[in-house]
file input-v9.txt (compact mmCIF, C-alpha atoms)
# COMPACT_ATOMS: atom_id res chain seq x y z
CA MET I 1 77.29 -0.39 14.43
CA ASN I 2 78.20 2.48 12.11
CA ARG I 3 75.95 2.61 9.04
CA GLU I 4 76.03 5.28 6.40
CA MET I 5 72.91 7.45 6.48
CA LYS I 6 70.76 7.34 3.34
CA GLN I 7 68.68 10.47 3.76
CA VAL I 8 67.31 12.83 6.37
CA ILE I 9 63.60 12.68 7.15
CA TYR I 10 62.44 16.03 8.53
CA ILE I 11 59.32 16.16 10.70
CA TYR I 12 58.14 19.58 11.91
CA HIS I 13 55.53 19.26 14.67
CA ASP I 14 53.33 21.36 16.93
CA PHE I 15 49.84 21.30 18.48
CA GLY I 16 47.68 21.49 15.34
CA GLY I 17 50.15 20.81 12.56
CA THR I 18 48.60 23.40 10.28
CA HIS I 19 50.18 26.82 10.98
CA THR I 20 53.83 27.09 12.04
CA THR I 21 54.56 23.59 10.76
CA SER I 22 53.19 24.51 7.32
CA LEU I 23 55.31 27.67 7.36
CA ALA I 24 58.38 25.63 8.35
CA ALA I 25 57.78 23.10 5.57
CA ALA I 26 57.29 25.91 3.04
CA TYR I 27 60.54 27.61 4.07
CA HIS I 28 62.38 24.29 4.13
CA LEU I 29 61.19 23.49 0.59
CA LYS I 30 61.85 27.06 -0.58
CA ILE I 31 58.20 27.60 -1.51
CA ILE I 32 58.53 30.94 0.28
CA ARG I 33 61.60 33.12 0.83
CA HIS I 34 62.51 35.40 3.69
CA ARG I 35 60.66 38.67 3.35
CA LYS I 36 57.41 40.09 4.68
CA LEU I 37 54.81 37.55 3.69
CA GLU I 38 51.59 38.80 2.12
CA LYS I 39 48.19 37.63 3.37
CA GLU I 40 47.37 35.77 0.14
CA GLU I 41 50.78 34.13 0.06
CA ILE I 42 50.26 32.69 3.54
CA SER I 43 46.69 31.53 2.99
CA GLU I 44 47.71 29.76 -0.24
CA LEU I 45 50.46 27.69 1.41
CA PRO I 46 49.81 23.94 1.28
CA TYR I 47 47.88 22.82 4.39
CA PHE I 48 48.10 26.24 6.08
CA ASN I 49 44.97 26.60 8.26
CA LYS I 50 43.39 23.73 6.31
CA LEU I 51 43.83 20.75 8.65
CA THR I 52 41.30 19.72 11.29
CA LYS I 53 41.34 17.72 14.52
CA LYS I 54 40.82 14.58 12.40
CA ASP I 55 44.28 15.12 10.92
CA ALA I 56 45.97 14.97 14.34
CA GLY I 57 48.60 12.26 14.55
CA LYS I 58 48.93 11.95 10.77
CA PHE I 59 52.19 12.61 8.99
CA ILE I 60 51.55 15.12 6.19
CA PHE I 61 54.07 14.91 3.35
CA HIS I 62 54.97 18.33 1.92
CA GLY I 63 57.65 17.36 -0.58
CA GLU I 64 61.37 16.73 -0.95
CA ASP I 65 64.01 19.38 -0.39
CA GLU I 66 66.86 20.21 -2.79
CA GLU I 67 68.83 17.23 -1.45
CA GLY I 68 65.98 14.76 -1.90
CA ASN I 69 65.09 14.62 1.79
CA PRO I 70 61.37 14.23 2.60
CA VAL I 71 59.69 16.93 4.69
CA TYR I 72 56.66 16.09 6.82
CA THR I 73 54.52 17.89 9.37
CA LEU I 74 52.64 16.46 12.33
CA GLY I 75 49.91 17.82 14.58
CA ARG I 76 50.36 16.14 17.95
CA ARG I 77 47.55 17.98 19.78
CA SER I 78 48.33 18.49 23.47
CA SER I 79 50.33 15.28 23.82
CA LYS I 80 54.04 15.99 23.95
CA LEU I 81 54.31 12.31 24.89
CA ALA I 82 53.47 11.52 21.27
CA VAL I 83 56.79 13.03 20.16
CA GLU I 84 58.69 11.28 22.94
CA THR I 85 57.09 7.98 21.93
CA LEU I 86 57.88 8.65 18.27
CA HIS I 87 61.47 9.47 19.20
CA HIS I 88 61.89 6.15 21.02
CA PHE I 89 60.08 4.23 18.26
CA CYS I 90 62.48 5.68 15.68
CA HIS I 91 65.40 4.48 17.83
CA LEU I 92 63.79 1.05 18.00
CA LEU I 93 63.39 0.85 14.21
CA ASN I 94 66.88 2.13 13.67
CA SER I 95 68.54 -0.33 16.02
CA HIS I 96 66.48 -3.44 15.34
CA LYS I 97 65.43 -3.11 11.73
CA GLY I 98 68.58 -1.59 10.28
CA ILE I 99 66.87 1.54 9.02
CA ASN I 100 69.67 3.96 8.36
CA ASP I 101 67.85 7.17 7.57
CA LYS I 102 68.42 10.12 9.89
CA ILE I 103 65.15 11.34 11.42
CA VAL I 104 64.82 14.91 12.68
CA LEU I 105 61.90 15.87 14.94
CA SER I 106 61.74 19.68 15.12
CA ASP I 107 59.19 21.37 17.40
CA THR I 108 57.79 24.62 15.98
CA SER I 109 55.61 25.31 19.06
CA PRO I 110 57.98 27.76 20.75
CA ALA I 111 57.70 30.14 17.78
CA VAL I 112 53.90 30.41 17.99
CA PRO I 113 52.86 33.97 18.97
CA LEU I 114 49.74 34.60 21.07
CA SER I 115 47.78 35.97 18.08
CA LEU I 116 48.33 32.69 16.23
CA THR I 117 47.28 30.62 19.25
CA ILE I 118 44.09 32.65 19.73
CA GLY I 119 43.34 32.80 16.00
CA GLY I 120 43.91 29.07 15.62
CA PHE I 121 41.57 28.32 18.52
CA ILE I 122 38.84 30.57 17.11
CA SER I 123 39.30 29.30 13.56
CA LYS I 124 39.88 25.58 14.17
CA GLY I 125 38.67 25.00 17.72
CA LEU I 126 35.43 26.94 17.45
CA GLY I 127 35.01 26.66 13.67
CA LEU I 128 34.76 30.44 13.24
CA ASP I 129 37.11 30.95 10.29
CA ARG I 130 35.93 34.49 9.50
CA LEU I 131 36.97 35.65 12.96
CA GLY I 132 40.03 33.46 13.52
CA THR I 133 41.75 33.52 10.14
CA PRO I 134 42.78 37.22 10.21
CA LEU I 135 44.50 36.61 13.57
CA VAL I 136 46.13 33.46 12.21
CA ILE I 137 47.50 35.41 9.22
CA LYS I 138 48.81 38.22 11.48
CA GLY I 139 50.42 35.65 13.75
CA ALA I 140 52.04 33.90 10.79
CA GLN I 141 53.42 37.21 9.53
CA LYS I 142 54.75 37.99 12.99
CA CYS I 143 56.56 34.66 13.48
CA SER I 144 57.77 34.06 9.91
CA GLY I 145 61.30 35.32 10.61
CA ASN I 146 61.59 33.06 13.66
CA ILE I 147 60.30 30.09 11.66
CA LEU I 148 62.86 30.67 8.91
CA GLU I 149 65.65 30.79 11.51
CA LEU I 150 64.24 27.66 13.15
CA VAL I 151 64.31 25.82 9.79
CA ASN I 152 67.86 26.96 9.07
CA GLU I 153 68.96 25.84 12.55
CA THR I 154 67.16 22.50 12.11
CA LYS I 155 69.04 21.86 8.84
CA LYS I 156 72.33 22.93 10.45
CA ILE I 157 71.84 20.60 13.42
CA ALA I 158 70.90 17.72 11.12
CA ALA I 159 73.98 18.26 8.94
CA GLY I 160 76.33 18.51 11.90
CA SER I 161 75.06 15.55 13.90
CA ASN I 162 76.06 11.92 13.66
CA SER I 163 72.96 10.87 15.60
CA ALA I 164 70.40 8.81 13.72
CA ILE I 165 67.47 10.35 15.60
CA ILE I 166 67.52 14.04 16.48
CA LYS I 167 64.87 15.75 18.63
CA ILE I 168 65.03 19.57 18.62
CA ASP I 169 62.91 21.55 21.09
CA ASN I 170 63.74 25.00 19.61
CA LYS I 171 63.25 26.87 22.91
CA GLU I 172 65.52 29.66 21.65
CA PHE I 173 62.84 30.64 19.11
CA GLN I 174 60.28 31.50 21.79
CA ALA I 175 57.68 33.97 20.51
call {"tool": "encode", "arguments": {"input": "input-v9.txt", "output": "structure tokens"}}
result
Amino acid sequence: MNREMKQVIYIYHDFGGTHTTSLAAAYHLKIIRHRKLEKEEISELPYFNKLTKKDAGKFIFHGEDEEGNPVYTLGRRSSKLAVETLHHFCHLLNSHKGINDKIVLSDTSPAVPLSLTIGGFISKGLGLDRLGTPLVIKGAQKCSGNILELVNETKKIAAGSNSAIIKIDNKEFQA
């Protein structure tokens, strides 16, 4: 059954869905460009360091890219099974319901540096924003180049694949 794809739905996911995923969405939507990111620029990004545990499992819509493709982020918490389940559910919808959008699940977790992990835990896990946020910002600055490359590779894989559902682990972008 060969159906023409309508659009590509991009979903960037990681543990919390608020740091590297927000950076990825911002790069994807060209809200930010590749250069050294300033502290204020990072903290003003939509959803960056603003989501909480209550937002886990929710798809956050960030906008449409230049080709009209929607870009979402997802905080999956510690459950990598959530992405595997989502992957299989997308296949189910595609095969049984005739949905012919391409869905790309791109994991930003490998690009998370230690400073971002620690800062995120202090800021979001312990609720100590004054202590955690500076580490989060430093971590975001450190991994921004990797995230941009990850986004570019995600778009390249999506464009070059005939698969309806694409799951990208991005291990090559390890922090």
call {"tool": "residues_near_point", "arguments": {"input": "input-v9.txt", "point": "(47.6, 36.2, 12.9)", "cutoff": "10 Å", "atoms": "all atoms listed in the file", "output": "ChimeraX atom specification"}}
result
/I:19,39,112-120,132-143
call {"tool": "closest_residue", "arguments": {"input": "input-v9.txt", "among": "I:Ser123, I:Thr154, I:Ser43, I:Ser79", "to": "I:Ile11", "atoms": "only C-alpha atoms"}}
result
I:Thr154
call {"tool": "residues_around", "arguments": {"input": "input-v9.txt", "residues": "I:His88", "least_positions_apart": "6", "cutoff": "12 Å", "atoms": "all atoms listed in the file", "output": "list in words"}}
result
Leu81, Ala82, Asn94, Ser95, Ile103, Leu105, Ala164, Ile165, Ile166 and Lys167 of chain I
call {"tool": "atom_distance", "arguments": {"input": "input-v9.txt", "atom1": "atom CA of I:Phe48", "atom2": "atom CA of I:Ser144"}}
result
13.0 Å
call {"tool": "closest_residue", "arguments": {"input": "input-v9.txt", "among": "I:Thr18, I:Asn170, I:Ser78, I:Gln7", "to": "I:Asp65", "atoms": "only C-alpha atoms"}}
result
I:Gln7
call {"tool": "closest_residue", "arguments": {"input": "input-v9.txt", "among": "I:Val104, I:Leu131, I:Leu92, I:Val71", "to": "I:Ala24", "atoms": "only C-alpha atoms"}}
result
I:Val71
call {"tool": "residues_around", "arguments": {"input": "input-v9.txt", "residues": "I:Arg76", "least_positions_apart": "6", "cutoff": "6 Å", "atoms": "all atoms listed in the file", "output": "mmCIF file with C-alpha atoms, in the frame of the given file"}}
result
data_model
loop_
_atom_site.group_PDB
_atom_site.id
_atom_site.type_symbol
_atom_site.label_atom_id
_atom_site.label_comp_id
_atom_site.auth_asym_id
_atom_site.auth_seq_id
_atom_site.Cartn_x
_atom_site.Cartn_y
_atom_site.Cartn_z
ATOM 1 C CA PHE I 15 49.840 21.300 18.480
ATOM 2 C CA ALA I 56 45.970 14.970 14.340
ATOM 3 C CA GLY I 57 48.600 12.260 14.550
#
call {"tool": "closest_residue", "arguments": {"input": "input-v9.txt", "among": "I:Leu29, I:Leu37, I:Leu93, I:Glu44", "to": "I:Glu64", "atoms": "only C-alpha atoms"}}
result
I:Leu29
call {"tool": "decode", "arguments": {"input": "input-v9.txt", "residues": "stretch 75-124 of chain I", "atoms": "N, CA and C atoms", "output": "PDB file, in the first residue's frame"}}
result
ATOM      1  N   GLY I  75       8.283  15.184  26.836  1.00  0.00           N
ATOM      2  CA  GLY I  75       9.054  14.712  27.987  1.00  0.00           C
ATOM      3  C   GLY I  75       8.537  13.334  28.352  1.00  0.00           C
ATOM      4  N   ARG I  76       9.382  12.338  28.268  1.00  0.00           N
ATOM      5  CA  ARG I  76       8.932  10.956  28.480  1.00  0.00           C
ATOM      6  C   ARG I  76       9.292  10.442  29.870  1.00  0.00           C
ATOM      7  N   ARG I  77       9.983  11.285  30.671  1.00  0.00           N
ATOM      8  CA  ARG I  77      10.521  10.884  31.971  1.00  0.00           C
ATOM      9  C   ARG I  77      11.501   9.723  31.767  1.00  0.00           C
ATOM     10  N   SER I  78      11.544   8.780  32.678  1.00  0.00           N
ATOM     11  CA  SER I  78      12.553   7.724  32.558  1.00  0.00           C
ATOM     12  C   SER I  78      12.102   6.572  31.665  1.00  0.00           C
ATOM     13  N   SER I  79      10.886   6.635  31.153  1.00  0.00           N
ATOM     14  CA  SER I  79      10.356   5.518  30.378  1.00  0.00           C
ATOM     15  C   SER I  79      10.691   5.600  28.897  1.00  0.00           C
ATOM     16  N   LYS I  80      11.711   4.879  28.501  1.00  0.00           N
ATOM     17  CA  LYS I  80      12.009   4.780  27.070  1.00  0.00           C
ATOM     18  C   LYS I  80      10.969   3.888  26.399  1.00  0.00           C
ATOM     19  N   LEU I  81      10.243   3.107  27.189  1.00  0.00           N
ATOM     20  CA  LEU I  81       9.159   2.295  26.642  1.00  0.00           C
ATOM     21  C   LEU I  81       8.058   3.177  26.064  1.00  0.00           C
ATOM     22  N   ALA I  82       7.910   4.374  26.604  1.00  0.00           N
ATOM     23  CA  ALA I  82       6.887   5.287  26.090  1.00  0.00           C
ATOM     24  C   ALA I  82       7.124   5.574  24.612  1.00  0.00           C
ATOM     25  N   VAL I  83       8.367   5.776  24.223  1.00  0.00           N
ATOM     26  CA  VAL I  83       8.684   6.068  22.823  1.00  0.00           C
ATOM     27  C   VAL I  83       8.491   4.823  21.971  1.00  0.00           C
ATOM     28  N   GLU I  84       8.872   3.676  22.496  1.00  0.00           N
ATOM     29  CA  GLU I  84       8.669   2.422  21.762  1.00  0.00           C
ATOM     30  C   GLU I  84       7.175   2.170  21.549  1.00  0.00           C
ATOM     31  N   THR I  85       6.382   2.412  22.580  1.00  0.00           N
ATOM     32  CA  THR I  85       4.931   2.262  22.470  1.00  0.00           C
ATOM     33  C   THR I  85       4.366   3.251  21.466  1.00  0.00           C
ATOM     34  N   LEU I  86       4.818   4.489  21.541  1.00  0.00           N
ATOM     35  CA  LEU I  86       4.369   5.512  20.594  1.00  0.00           C
ATOM     36  C   LEU I  86       4.731   5.121  19.162  1.00  0.00           C
ATOM     37  N   HIS I  87       5.923   4.612  18.977  1.00  0.00           N
ATOM     38  CA  HIS I  87       6.390   4.166  17.666  1.00  0.00           C
ATOM     39  C   HIS I  87       5.446   3.103  17.095  1.00  0.00           C
ATOM     40  N   HIS I  88       5.117   2.113  17.906  1.00  0.00           N
ATOM     41  CA  HIS I  88       4.224   1.043  17.450  1.00  0.00           C
ATOM     42  C   HIS I  88       2.796   1.546  17.253  1.00  0.00           C
ATOM     43  N   PHE I  89       2.354   2.467  18.097  1.00  0.00           N
ATOM     44  CA  PHE I  89       1.016   3.041  17.947  1.00  0.00           C
ATOM     45  C   PHE I  89       0.913   3.831  16.638  1.00  0.00           C
ATOM     46  N   CYS I  90       1.950   4.561  16.301  1.00  0.00           N
ATOM     47  CA  CYS I  90       1.974   5.298  15.026  1.00  0.00           C
ATOM     48  C   CYS I  90       1.867   4.334  13.847  1.00  0.00           C
ATOM     49  N   HIS I  91       2.579   3.209  13.930  1.00  0.00           N
ATOM     50  CA  HIS I  91       2.475   2.184  12.882  1.00  0.00           C
ATOM     51  C   HIS I  91       1.044   1.653  12.782  1.00  0.00           C
ATOM     52  N   LEU I  92       0.433   1.433  13.939  1.00  0.00           N
ATOM     53  CA  LEU I  92      -0.939   0.943  13.973  1.00  0.00           C
ATOM     54  C   LEU I  92      -1.891   1.933  13.292  1.00  0.00           C
ATOM     55  N   LEU I  93      -1.788   3.201  13.662  1.00  0.00           N
ATOM     56  CA  LEU I  93      -2.635   4.228  13.045  1.00  0.00           C
ATOM     57  C   LEU I  93      -2.399   4.310  11.547  1.00  0.00           C
ATOM     58  N   ASN I  94      -1.141   4.259  11.187  1.00  0.00           N
ATOM     59  CA  ASN I  94      -0.784   4.379   9.778  1.00  0.00           C
ATOM     60  C   ASN I  94      -1.343   3.221   8.959  1.00  0.00           C
ATOM     61  N   SER I  95      -1.225   2.018   9.480  1.00  0.00           N
ATOM     62  CA  SER I  95      -1.651   0.852   8.697  1.00  0.00           C
ATOM     63  C   SER I  95      -3.153   0.604   8.743  1.00  0.00           C
ATOM     64  N   HIS I  96      -3.796   0.908   9.849  1.00  0.00           N
ATOM     65  CA  HIS I  96      -5.219   0.598   9.976  1.00  0.00           C
ATOM     66  C   HIS I  96      -6.143   1.783   9.724  1.00  0.00           C
ATOM     67  N   LYS I  97      -5.683   2.960   9.919  1.00  0.00           N
ATOM     68  CA  LYS I  97      -6.545   4.128   9.771  1.00  0.00           C
ATOM     69  C   LYS I  97      -6.211   4.972   8.549  1.00  0.00           C
ATOM     70  N   GLY I  98      -5.229   4.550   7.793  1.00  0.00           N
ATOM     71  CA  GLY I  98      -4.906   5.254   6.555  1.00  0.00           C
ATOM     72  C   GLY I  98      -4.288   6.627   6.747  1.00  0.00           C
ATOM     73  N   ILE I  99      -3.727   6.866   7.909  1.00  0.00           N
ATOM     74  CA  ILE I  99      -3.040   8.137   8.134  1.00  0.00           C
ATOM     75  C   ILE I  99      -1.762   8.107   7.309  1.00  0.00           C
ATOM     76  N   ASN I 100      -1.570   9.106   6.493  1.00  0.00           N
ATOM     77  CA  ASN I 100      -0.398   9.063   5.623  1.00  0.00           C
ATOM     78  C   ASN I 100       0.555  10.228   5.856  1.00  0.00           C
ATOM     79  N   ASP I 101       0.659  10.646   7.103  1.00  0.00           N
ATOM     80  CA  ASP I 101       1.685  11.607   7.486  1.00  0.00           C
ATOM     81  C   ASP I 101       2.909  10.817   7.942  1.00  0.00           C
ATOM     82  N   LYS I 102       4.071  11.349   7.641  1.00  0.00           N
ATOM     83  CA  LYS I 102       5.319  10.747   8.129  1.00  0.00           C
ATOM     84  C   LYS I 102       5.525  11.267   9.550  1.00  0.00           C
ATOM     85  N   ILE I 103       5.890  10.391  10.466  1.00  0.00           N
ATOM     86  CA  ILE I 103       6.120  10.780  11.856  1.00  0.00           C
ATOM     87  C   ILE I 103       7.565  10.461  12.208  1.00  0.00           C
ATOM     88  N   VAL I 104       8.271  11.478  12.717  1.00  0.00           N
ATOM     89  CA  VAL I 104       9.681  11.332  13.064  1.00  0.00           C
ATOM     90  C   VAL I 104       9.839  11.525  14.569  1.00  0.00           C
ATOM     91  N   LEU I 105      10.337  10.503  15.243  1.00  0.00           N
ATOM     92  CA  LEU I 105      10.611  10.538  16.678  1.00  0.00           C
ATOM     93  C   LEU I 105      12.119  10.656  16.854  1.00  0.00           C
ATOM     94  N   SER I 106      12.584  11.825  17.298  1.00  0.00           N
ATOM     95  CA  SER I 106      14.020  12.083  17.394  1.00  0.00           C
ATOM     96  C   SER I 106      14.422  12.322  18.851  1.00  0.00           C
ATOM     97  N   ASP I 107      15.271  11.453  19.377  1.00  0.00           N
ATOM     98  CA  ASP I 107      15.707  11.493  20.772  1.00  0.00           C
ATOM     99  C   ASP I 107      16.851  12.490  20.945  1.00  0.00           C
ATOM    100  N   THR I 108      16.642  13.512  21.775  1.00  0.00           N
ATOM    101  CA  THR I 108      17.700  14.499  22.025  1.00  0.00           C
ATOM    102  C   THR I 108      18.547  14.133  23.252  1.00  0.00           C
ATOM    103  N   SER I 109      18.181  13.076  23.962  1.00  0.00           N
ATOM    104  CA  SER I 109      18.891  12.686  25.194  1.00  0.00           C
ATOM    105  C   SER I 109      20.397  12.518  25.050  1.00  0.00           C
ATOM    106  N   PRO I 110      20.875  11.889  23.968  1.00  0.00           N
ATOM    107  CA  PRO I 110      22.326  11.700  23.883  1.00  0.00           C
ATOM    108  C   PRO I 110      23.125  13.004  23.925  1.00  0.00           C
ATOM    109  N   ALA I 111      22.537  14.102  23.518  1.00  0.00           N
ATOM    110  CA  ALA I 111      23.258  15.374  23.451  1.00  0.00           C
ATOM    111  C   ALA I 111      23.280  16.130  24.778  1.00  0.00           C
ATOM    112  N   VAL I 112      22.663  15.575  25.809  1.00  0.00           N
ATOM    113  CA  VAL I 112      22.579  16.265  27.100  1.00  0.00           C
ATOM    114  C   VAL I 112      23.906  16.152  27.848  1.00  0.00           C
ATOM    115  N   PRO I 113      24.591  17.296  28.101  1.00  0.00           N
ATOM    116  CA  PRO I 113      25.834  17.238  28.882  1.00  0.00           C
ATOM    117  C   PRO I 113      25.530  17.108  30.379  1.00  0.00           C
ATOM    118  N   LEU I 114      26.520  16.686  31.144  1.00  0.00           N
ATOM    119  CA  LEU I 114      26.356  16.478  32.581  1.00  0.00           C
ATOM    120  C   LEU I 114      25.849  17.735  33.292  1.00  0.00           C
ATOM    121  N   SER I 115      26.370  18.907  32.917  1.00  0.00           N
ATOM    122  CA  SER I 115      25.943  20.150  33.575  1.00  0.00           C
ATOM    123  C   SER I 115      24.446  20.395  33.398  1.00  0.00           C
ATOM    124  N   LEU I 116      23.909  20.018  32.253  1.00  0.00           N
ATOM    125  CA  LEU I 116      22.477  20.182  31.998  1.00  0.00           C
ATOM    126  C   LEU I 116      21.668  19.169  32.808  1.00  0.00           C
ATOM    127  N   THR I 117      22.166  17.958  32.918  1.00  0.00           N
ATOM    128  CA  THR I 117      21.494  16.935  33.727  1.00  0.00           C
ATOM    129  C   THR I 117      21.438  17.362  35.188  1.00  0.00           C
ATOM    130  N   ILE I 118      22.576  17.791  35.722  1.00  0.00           N
ATOM    131  CA  ILE I 118      22.639  18.207  37.127  1.00  0.00           C
ATOM    132  C   ILE I 118      21.799  19.464  37.347  1.00  0.00           C
ATOM    133  N   GLY I 119      21.957  20.441  36.473  1.00  0.00           N
ATOM    134  CA  GLY I 119      21.184  21.679  36.588  1.00  0.00           C
ATOM    135  C   GLY I 119      19.690  21.438  36.489  1.00  0.00           C
ATOM    136  N   GLY I 120      19.284  20.563  35.572  1.00  0.00           N
ATOM    137  CA  GLY I 120      17.868  20.233  35.428  1.00  0.00           C
ATOM    138  C   GLY I 120      17.313  19.559  36.668  1.00  0.00           C
ATOM    139  N   PHE I 121      18.105  18.665  37.263  1.00  0.00           N
ATOM    140  CA  PHE I 121      17.673  17.994  38.489  1.00  0.00           C
ATOM    141  C   PHE I 121      17.518  18.999  39.631  1.00  0.00           C
ATOM    142  N   ILE I 122      18.497  19.884  39.779  1.00  0.00           N
ATOM    143  CA  ILE I 122      18.429  20.878  40.853  1.00  0.00           C
ATOM    144  C   ILE I 122      17.259  21.831  40.621  1.00  0.00           C
ATOM    145  N   SER I 123      17.130  22.308  39.393  1.00  0.00           N
ATOM    146  CA  SER I 123      16.090  23.279  39.055  1.00  0.00           C
ATOM    147  C   SER I 123      14.692  22.673  39.089  1.00  0.00           C
ATOM    148  N   LYS I 124      14.496  21.576  38.373  1.00  0.00           N
ATOM    149  CA  LYS I 124      13.164  20.978  38.221  1.00  0.00           C
ATOM    150  C   LYS I 124      12.878  19.901  39.266  1.00  0.00           C
TER     151      LYS I 124
END
